[in-house]
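To start, the structure itself, in structure tokens.
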Amino acid sequence: STSRRQRQMCIRAATEIPIGLLYYHLFNDKFHISGFEVASTMRRWGIGTAIIKQFFNEYKVSPNDIILEPLNKKSEKFWKKLGIKCSLY
């Protein structure tokens with residue numbers, strides 16, 4: 001697919017309170033992640049990792065199907081832990 005339409009996935013807790021956002025688009029059969037954030041009160045609990053793994057399973061995505069430029073070294077470490085190659089650092 002060559003669609004460049006921006007898509008958003010909002011992850012909600014059982015209470016329906018948003019806990020994370022994932023912005024991505026599909027282009028040339030690769031998922032380009034342009035933004036990912038977990039609510040500050042929900043960080044450091046493994047929720048971000050769980051969300052990305054759910055994304056992989058739901059959309060039948062492998063880490064090789066992802067393209068992204070991390071915002072900083074901390075972000076790069078998170079993505080590399082999930083097996084995703086980062087294109088900036």
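Each chain of the structure tokens is named A, B, ... in the order shown, its residues numbered from 1; ligands are numbered from 1 in display order.
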What's the 10 Å shell around range 71-86 of chain A, counting only C-alpha atoms, without same-chain residues fewer than 5 positions away, as a ChimeraX atom specification?
-> /A:34-36,48-49,52-53,62-66
Emit the selected residues as an mmCIF file, in the first residue's frame, including C-alpha atoms.
data_model
loop_
_atom_site.group_PDB
_atom_site.id
_atom_site.type_symbol
_atom_site.label_atom_id
_atom_site.label_comp_id
_atom_site.auth_asym_id
_atom_site.auth_seq_id
_atom_site.Cartn_x
_atom_site.Cartn_y
_atom_site.Cartn_z
ATOM 1 C CA SER A 34 5.820 9.740 13.938
ATOM 2 C CA GLY A 35 4.880 9.860 17.594
ATOM 3 C CA PHE A 36 4.320 7.657 20.615
ATOM 4 C CA GLY A 48 4.701 1.336 26.482
ATOM 5 C CA THR A 49 6.314 -1.994 25.638
ATOM 6 C CA ILE A 52 3.850 -1.624 20.946
ATOM 7 C CA LYS A 53 3.733 -5.426 21.224
ATOM 8 C CA SER A 62 7.443 -7.132 12.604
ATOM 9 C CA PRO A 63 10.138 -4.782 13.948
ATOM 10 C CA ASN A 64 11.613 -4.786 10.410
ATOM 11 C CA ASP A 65 8.377 -3.205 9.135
ATOM 12 C CA ILE A 66 8.877 -0.084 11.280
#
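Looking only at range 31-89 of chain A, the set that DSSP places in helix (DSSP H, G or I) from backbone geometry is Ser40, Thr41, Met42, Ile47, Gly48, Thr49, Ala50, Ile51, Ile52, Lys53, Gln54, Phe55, Phe56, Asn57, Glu58, Pro63, Asn64, Asp65, Lys73, Lys74, Ser75, Glu76, Lys77, Phe78, Trp79, Lys80 and Lys81 of chain A.
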Which of A:Ile51, A:Ser40, A:Ser87, A:Ile67 sits closest to Asn28 in chain A [using only C-alpha atoms] | A:Ile67
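Between Tyr23 in chain A and the candidates A:Trp45, A:Leu68, A:Ala50, A:Lys60, the tightest atom-to-atom separation, counting only C-alpha atoms, involves A:Leu68.
Taking CA of Met42 in chain A and CA of Phe55 in chain A as the two end points, the separation is 17.9 Å.
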Rounded to one decimal in Å, what is the spacing between CA of Arg44 in chain A and CA of His25 in chain A?
-> 26.3 Å
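The environment of Val38 in chain A within 7 Å, counting only C-alpha atoms and disregarding residues fewer than 5 places along the same chain, consists of Ile19, Gly20, Leu21, Arg43 and Gly48 of chain A.
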Kindly export the residues of the current selection with N, CA and C atoms, as a short mmCIF file (atom, residue, chain, number, x, y, z; two decimals), in the first residue's frame.
data_model
loop_
_atom_site.label_atom_id
_atom_site.label_comp_id
_atom_site.auth_asym_id
_atom_site.auth_seq_id
_atom_site.Cartn_x
_atom_site.Cartn_y
_atom_site.Cartn_z
N ILE A 19 -4.35 6.45 28.05
CA ILE A 19 -3.04 6.27 28.69
C ILE A 19 -1.90 6.33 27.68
N GLY A 20 -2.23 6.33 26.38
CA GLY A 20 -1.18 6.40 25.39
C GLY A 20 -1.71 6.77 24.02
N LEU A 21 -0.81 7.33 23.21
CA LEU A 21 -1.14 7.67 21.82
C LEU A 21 -0.01 7.20 20.92
N ARG A 43 4.09 5.72 33.12
CA ARG A 43 5.41 5.33 32.62
C ARG A 43 6.17 4.48 33.63
N GLY A 48 4.29 0.98 27.84
CA GLY A 48 4.70 1.34 26.48
C GLY A 48 5.12 0.12 25.68
#
